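What follows is the content of work08.csv (CSV, C-alpha atoms).
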```csv
chain,number,residue,atom,x,y,z
A,19,MET,CA,-6.7,18.0,-17.0
A,20,LYS,CA,-5.1,21.0,-15.2
A,21,THR,CA,-4.6,21.4,-11.5
A,22,ASN,CA,-3.7,24.6,-9.6
A,23,ILE,CA,-1.7,24.4,-6.5
A,24,PHE,CA,-2.2,27.6,-4.5
A,25,PHE,CA,-0.1,26.8,-1.5
A,26,CYS,CA,1.9,23.9,-0.2
A,27,GLY,CA,3.9,24.0,3.1
A,28,TYR,CA,4.7,22.9,6.6
A,29,SER,CA,3.8,24.8,9.8
A,30,PHE,CA,4.8,24.3,13.4
A,31,HIS,CA,2.7,26.3,15.9
A,32,THR,CA,3.9,26.9,19.5
A,33,ASN,CA,2.0,30.0,20.6
A,34,GLY,CA,-1.5,29.2,19.6
A,35,TYR,CA,-3.3,29.7,16.3
A,36,HIS,CA,-6.8,30.1,15.0
A,37,SER,CA,-8.4,30.3,11.6
A,38,GLN,CA,-11.9,29.8,10.4
A,39,HIS,CA,-13.9,29.5,7.2
A,40,LYS,CA,-17.5,29.4,8.3
A,41,SER,CA,-18.8,30.3,4.9
A,42,GLY,CA,-17.0,27.4,3.3
A,43,TYR,CA,-13.4,26.7,2.5
A,44,PRO,CA,-12.7,28.0,-1.1
A,45,SER,CA,-10.6,25.1,-2.4
A,46,TYR,CA,-9.5,21.6,-1.6
A,47,LEU,CA,-7.4,21.4,1.5
A,48,PHE,CA,-5.1,18.5,2.6
A,49,ARG,CA,-3.7,18.7,6.1
A,50,LEU,CA,-1.5,16.0,7.7
A,51,GLN,CA,-0.8,16.2,11.4
A,52,THR,CA,2.8,15.2,12.0
A,53,GLU,CA,3.5,16.5,15.5
A,54,GLY,CA,1.5,17.5,18.6
A,55,LEU,CA,-2.2,18.2,18.7
A,56,CYS,CA,-4.8,20.6,17.4
A,57,GLU,CA,-8.6,20.9,17.2
A,58,VAL,CA,-10.6,21.3,14.0
A,59,VAL,CA,-14.3,21.9,13.3
A,60,VAL,CA,-15.4,20.4,10.0
A,61,LYS,CA,-19.1,20.8,8.9
A,62,GLY,CA,-20.0,21.5,12.5
A,63,ARG,CA,-18.2,18.5,13.9
A,64,LYS,CA,-15.4,19.2,16.4
A,65,MET,CA,-12.4,16.8,16.4
A,66,GLU,CA,-8.9,16.6,17.9
A,67,LEU,CA,-6.2,15.7,15.5
A,68,ALA,CA,-3.0,13.8,16.6
A,69,LYS,CA,0.1,12.5,14.8
A,70,GLY,CA,-0.9,10.6,11.7
A,71,ASP,CA,-4.4,12.2,11.2
A,72,LEU,CA,-5.1,13.3,7.7
A,73,LEU,CA,-7.8,16.0,7.2
A,74,LEU,CA,-9.4,16.3,3.7
A,75,ILE,CA,-11.6,19.4,3.0
A,76,LYS,CA,-13.5,20.0,-0.2
A,77,PRO,CA,-14.6,23.4,-1.5
A,78,GLY,CA,-17.6,24.7,0.5
A,79,ASP,CA,-16.9,22.8,3.6
A,80,HIS,CA,-17.1,24.7,6.9
A,81,TYR,CA,-13.7,24.5,8.5
A,82,GLU,CA,-12.0,25.9,11.6
A,83,LEU,CA,-8.6,25.2,13.1
A,84,LEU,CA,-7.5,25.8,16.7
A,85,VAL,CA,-4.1,25.3,18.3
A,86,LYS,CA,-4.4,26.2,21.9
A,87,GLU,CA,-1.9,28.4,23.8
A,88,GLY,CA,1.0,26.2,25.2
A,89,GLN,CA,0.2,23.4,22.7
A,90,ASN,CA,2.5,22.4,19.9
A,91,SER,CA,1.2,21.4,16.5
A,92,GLY,CA,3.0,20.5,13.3
A,93,ASP,CA,1.4,19.7,10.0
A,94,TYR,CA,1.9,19.5,6.2
A,95,HIS,CA,-0.8,21.2,4.2
A,96,LEU,CA,-1.7,21.8,0.6
A,97,VAL,CA,-4.4,23.9,-1.1
A,98,CYS,CA,-5.4,23.2,-4.7
A,99,GLU,CA,-8.2,23.0,-7.2
A,100,GLY,CA,-8.8,21.9,-10.8
A,101,ALA,CA,-10.7,19.5,-13.1
A,102,TRP,CA,-8.5,16.5,-12.2
A,103,MET,CA,-9.0,17.2,-8.5
A,104,ASP,CA,-12.8,17.3,-9.0
A,105,GLU,CA,-12.7,13.9,-10.8
A,106,TRP,CA,-10.4,12.3,-8.2
A,107,TRP,CA,-12.5,13.5,-5.3
A,108,SER,CA,-15.8,12.3,-6.8
A,109,ARG,CA,-14.8,8.8,-7.7
A,110,SER,CA,-14.6,7.5,-4.1
A,111,GLU,CA,-15.7,8.6,-0.6
A,112,LYS,CA,-13.2,10.8,1.2
A,113,PRO,CA,-13.4,10.7,5.0
A,114,ASP,CA,-13.0,14.1,6.7
A,115,VAL,CA,-10.3,12.6,8.9
A,116,SER,CA,-8.3,9.4,8.5
A,117,ARG,CA,-5.4,7.9,10.5
A,118,ILE,CA,-2.5,7.0,8.2
A,119,ASP,CA,1.1,6.0,8.5
A,120,LEU,CA,3.6,8.9,8.3
A,121,ASP,CA,5.3,7.1,5.4
A,122,GLU,CA,8.6,8.8,4.4
A,123,LYS,CA,7.9,8.3,0.7
A,124,LEU,CA,4.6,10.1,1.0
A,125,LEU,CA,6.2,13.0,2.9
A,126,THR,CA,8.9,13.2,0.3
A,127,LEU,CA,6.2,13.8,-2.4
A,128,TRP,CA,4.8,16.5,-0.2
A,129,ARG,CA,8.2,18.1,0.2
A,130,GLN,CA,8.9,17.9,-3.6
A,131,ILE,CA,5.8,19.9,-4.3
A,132,MET,CA,6.8,22.4,-1.6
A,133,ILE,CA,10.3,22.8,-3.2
A,134,GLU,CA,8.8,23.3,-6.7
A,135,LYS,CA,6.4,26.0,-5.4
A,136,ARG,CA,9.3,27.8,-3.8
A,137,ARG,CA,11.0,28.4,-7.2
A,138,PRO,CA,10.6,31.7,-9.0
A,139,SER,CA,7.4,31.7,-11.1
A,140,SER,CA,9.5,31.8,-14.2
A,141,SER,CA,11.3,28.6,-13.2
A,142,GLN,CA,8.3,26.6,-11.9
A,143,ASN,CA,7.2,23.6,-13.9
A,144,GLU,CA,3.4,23.4,-13.7
A,145,GLU,CA,3.3,20.0,-15.5
A,146,LEU,CA,5.8,18.5,-13.0
A,147,SER,CA,3.8,20.0,-10.0
A,148,GLY,CA,0.6,18.6,-11.4
A,149,TYR,CA,2.0,15.1,-11.7
A,150,LEU,CA,3.5,15.3,-8.2
A,151,LEU,CA,0.1,16.4,-6.9
A,152,ARG,CA,-1.6,13.5,-8.6
A,153,ALA,CA,1.0,11.1,-7.2
A,154,LEU,CA,0.3,12.6,-3.7
A,155,CYS,CA,-3.4,12.2,-4.1
A,156,LEU,CA,-3.2,8.6,-5.2
A,157,SER,CA,-0.7,7.8,-2.4
A,158,LEU,CA,-3.1,9.4,0.2
A,159,GLU,CA,-6.0,7.5,-1.3
A,160,ARG,CA,-4.1,4.2,-1.0
A,161,ALA,CA,-3.1,5.1,2.6
A,162,ILE,CA,-6.7,5.8,3.5
A,163,SER,CA,-7.9,2.6,1.9
A,164,GLU,CA,-5.3,0.4,3.6
A,165,THR,CA,-6.2,1.7,7.0
A,166,GLY,CA,-10.0,1.3,6.4
A,167,ARG,CA,-12.1,-1.5,7.8
A,168,SER,CA,-13.2,-2.6,4.4
A,169,PHE,CA,-9.6,-3.4,3.2
A,170,SER,CA,-8.9,-7.0,2.4
A,171,HIS,CA,-6.2,-7.4,5.1
A,172,PRO,CA,-5.9,-6.2,8.7
A,173,TYR,CA,-3.9,-3.0,8.8
A,174,THR,CA,-1.0,-4.7,10.7
A,175,VAL,CA,-0.8,-7.3,8.0
A,176,THR,CA,-0.7,-4.6,5.3
A,177,ARG,CA,2.1,-2.9,7.2
A,178,MET,CA,4.0,-6.1,7.1
A,179,MET,CA,3.3,-6.6,3.4
A,180,ARG,CA,4.6,-3.1,2.6
A,181,TYR,CA,7.7,-3.7,4.7
A,182,ILE,CA,8.5,-6.9,2.9
A,183,GLU,CA,7.8,-5.4,-0.5
A,184,GLU,CA,10.3,-2.6,0.2
A,185,HIS,CA,13.0,-4.8,1.7
A,186,ALA,CA,12.5,-8.1,-0.3
A,187,THR,CA,15.7,-7.7,-2.3
A,188,ILE,CA,17.9,-7.2,0.7
A,189,ALA,CA,18.5,-9.4,3.7
A,190,PHE,CA,15.9,-9.1,6.5
A,191,LYS,CA,14.6,-11.3,9.3
A,192,VAL,CA,11.1,-12.1,10.4
A,193,GLU,CA,11.9,-10.3,13.6
A,194,ASP,CA,12.4,-7.1,11.5
A,195,VAL,CA,8.9,-7.5,10.0
A,196,ALA,CA,7.3,-8.1,13.4
A,197,GLN,CA,9.0,-5.1,14.9
A,198,HIS,CA,7.8,-2.9,12.1
A,199,ALA,CA,4.2,-4.0,12.8
A,200,GLY,CA,4.6,-3.7,16.5
A,201,LEU,CA,3.9,-7.4,17.1
A,202,SER,CA,5.6,-10.4,18.6
A,203,VAL,CA,7.3,-12.8,16.2
A,204,SER,CA,4.8,-15.6,16.9
A,205,ARG,CA,1.8,-13.3,16.5
A,206,SER,CA,3.1,-11.7,13.3
A,207,VAL,CA,3.9,-15.1,11.7
A,208,HIS,CA,0.4,-16.5,12.6
A,209,LEU,CA,-1.5,-13.4,11.5
A,210,PHE,CA,0.4,-13.0,8.2
A,211,LYS,CA,-0.1,-16.7,7.2
A,212,SER,CA,-3.8,-16.7,8.1
A,213,SER,CA,-4.5,-13.5,6.2
A,214,VAL,CA,-2.2,-13.8,3.2
A,215,GLY,CA,-2.0,-17.5,2.8
A,216,LYS,CA,1.8,-17.5,2.6
A,217,THR,CA,4.5,-17.3,5.2
A,218,ILE,CA,6.5,-14.0,5.5
A,219,MET,CA,9.4,-15.6,3.7
A,220,GLU,CA,7.3,-17.2,1.0
A,221,TYR,CA,5.8,-13.8,0.3
A,222,ALA,CA,9.4,-12.3,0.1
A,223,GLN,CA,10.5,-15.2,-2.2
A,224,ALA,CA,7.6,-14.5,-4.6
A,225,ILE,CA,8.7,-10.9,-4.9
A,226,ARG,CA,12.4,-11.9,-5.4
A,227,LEU,CA,11.5,-14.3,-8.1
A,228,SER,CA,9.4,-11.7,-9.9
A,229,SER,CA,12.2,-9.2,-9.7
A,230,ALA,CA,14.7,-11.8,-11.0
A,231,ILE,CA,12.4,-12.6,-14.0
A,232,GLU,CA,12.2,-8.9,-14.8
A,233,ARG,CA,16.0,-8.7,-14.8
A,234,MET,CA,16.3,-11.8,-16.9
A,235,LYS,CA,13.9,-10.4,-19.5
A,236,TYR,CA,15.0,-6.8,-19.7
A,237,THR,CA,18.8,-6.8,-18.8
A,238,THR,CA,21.9,-8.6,-19.8
A,239,LEU,CA,23.0,-9.1,-16.2
A,240,THR,CA,24.5,-12.5,-15.4
A,241,LEU,CA,22.4,-14.9,-13.4
A,242,GLU,CA,24.9,-14.6,-10.5
A,243,GLN,CA,24.4,-10.9,-10.4
A,244,ILE,CA,20.7,-11.2,-10.6
A,245,ALA,CA,20.7,-13.7,-7.7
A,246,GLU,CA,22.7,-11.2,-5.6
A,247,ASP,CA,20.6,-8.1,-6.7
A,248,CYS,CA,17.3,-9.8,-5.9
A,249,GLY,CA,18.1,-10.9,-2.4
A,250,PHE,CA,18.9,-14.6,-2.9
A,251,GLY,CA,22.6,-14.1,-1.9
A,252,THR,CA,24.2,-16.9,-3.9
A,253,TYR,CA,23.4,-18.3,-7.4
A,254,PRO,CA,23.2,-22.0,-6.1
A,255,TYR,CA,20.3,-20.9,-3.7
A,256,PHE,CA,18.7,-18.9,-6.5
A,257,HIS,CA,18.9,-21.9,-8.8
A,258,LYS,CA,17.3,-24.2,-6.2
A,259,VAL,CA,14.4,-21.8,-5.4
A,260,PHE,CA,13.8,-21.0,-9.1
A,261,LYS,CA,13.8,-24.6,-10.3
A,262,LYS,CA,11.5,-25.7,-7.5
A,263,LYS,CA,9.0,-22.9,-8.6
A,264,TYR,CA,9.2,-23.2,-12.3
A,265,GLY,CA,10.5,-26.7,-13.0
A,266,VAL,CA,13.6,-25.6,-14.9
A,267,ALA,CA,16.9,-23.9,-14.1
A,268,PRO,CA,17.1,-20.1,-14.5
A,269,GLY,CA,19.4,-20.3,-17.5
A,270,VAL,CA,17.1,-22.7,-19.3
A,271,TYR,CA,14.1,-20.5,-18.5
A,272,ARG,CA,15.9,-17.4,-19.8
A,273,ARG,CA,16.8,-19.1,-23.1
A,274,ILE,CA,13.3,-20.6,-23.7
A,275,GLU,CA,11.3,-17.5,-22.7
A,276,TYR,CA,13.5,-14.7,-23.9
```
Kindly present the structure from the file in structure tokens form.
Amino acid sequence: MKTNIFFCGYSFHTNGYHSQHKSGYPSYLFRLQTEGLCEVVVKGRKMELAKGDLLLIKPGDHYELLVKEGQNSGDYHLVCEGAWMDEWWSRSEKPDVSRIDLDEKLLTLWRQIMIEKRRPSSSQNEELSGYLLRALCLSLERAISETGRSFSHPYTVTRMMRYIEEHATIAFKVEDVAQHAGLSVSRSVHLFKSSVGKTIMEYAQAIRLSSAIERMKYTTLTLEQIAEDCGFGTYPYFHKVFKKKYGVAPGVYRRIEY
């Protein structure tokens, strides 16, 4: 299903700015506030947007944007339409405004679309742009879900989980996880265990073991290299953890299973 990206960019306003679409915005609009403040009116409702606020507008929505004189405001924005967008929008409720993390991976997706749209029209790859847009939409959808009240874990726990998932194969400390979530070590340890059912390091070990099994199955790396690549440090420690979990040594498991 085709998608059309009409505009994708970043704006930083310092001298005031005003735009309005009282008769309805013509396309889908994503706007992520990254710096400063602004005011928006969506479907007659006035709101102030601050850093981390994501605005989603569908075709036909009344929309106004105001950046006051002397006020700074920076945002990423994207305007698009298409059959895939219609399907994506309709399959779940999209809040007008959501507070999300300014995750660098998400912003990188946004920038990739911007760069693709800057190319001469003869050099643009619409298929690539379409897939980048879908990835951005799905990433935004996840970010909205994880900050919502109905999500299975408190948001601070989700932040800890995402940090662990990203850093599991390298050395990190519980203090690093707590700092990322903005909590004390004791509070983060208690909250994580009560919500996830595992300690922070048990959660990390499960990810490391899963990564090790993938490498054992799909590569010819030595077990020593796998132990190092997956965050166990040394093979003896990897051997100990693996055998405790699966009942056999890594080498035996590799021969039996693969």
Task: Proximity to A:Pro77 - best of A:Tyr94, A:Phe256, A:Tyr43, A:Tyr264, only C-alpha atoms - done: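 Among the listed residues, the smallest separation from A:Pro77 belongs to A:Tyr43.
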TODO: Would you list the residues near (15.9, -15.5, -6.4) (no more than 7 Å away, in the coordinates of the file, using only C-alpha atoms) as an MDAnalysis selection string?
DONE: chainID A and resid 223 226:227 230 245 248:250 256 259:260
Task: Among the residues A:Thr165, A:Asn33, A:Thr238, A:Gln89, the one that comes closest to A:Glu53 [using all atoms listed in the file] - done: A:Gln89
Task: Within-12 Å shell of (-3.7, 19.8, -6.5) in input frame, only C-alpha atoms, as a ChimeraX atom specification - done: /A:19-26,45-48,76,95-107,128,131-132,135,144-156
Open item on the list: One decimal, in Å: what's the spacing between atom CA of A:Gly200 and atom CA of A:Asp247?
Closed with: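 Straight-line distance from atom CA of A:Gly200 to atom CA of A:Asp247 works out to 28.5 Å.
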Open item on the list: I'd like the interatomic distance between atom CA of A:Val175 and atom CA of A:Leu209, to a tenth of an Å.
Closed with: 7.1 Å
Open item on the list: For a quick check of understanding, using all atoms listed in the file, which of A:Leu72, A:Ile133, A:Ala196, A:Leu239 has the smallest distance to A:Ala161?
Closed with: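 Among the listed residues, A:Leu72 lies closest to A:Ala161.
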Open item on the list: As an exercise, work out the distance from atom CA of A:Leu74 to atom CA of A:Asp114 in Å and give it to one decimal place.
Closed with: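 Atom-to-atom, atom CA of A:Leu74 and atom CA of A:Asp114 are spaced 5.2 Å apart.
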Task: Residue among A:Ser141, A:Val60, A:Ser91, A:Glu122 lying closest to A:Ile75, counting only C-alpha atoms - done: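 Closest to A:Ile75 of all the choices is A:Val60.
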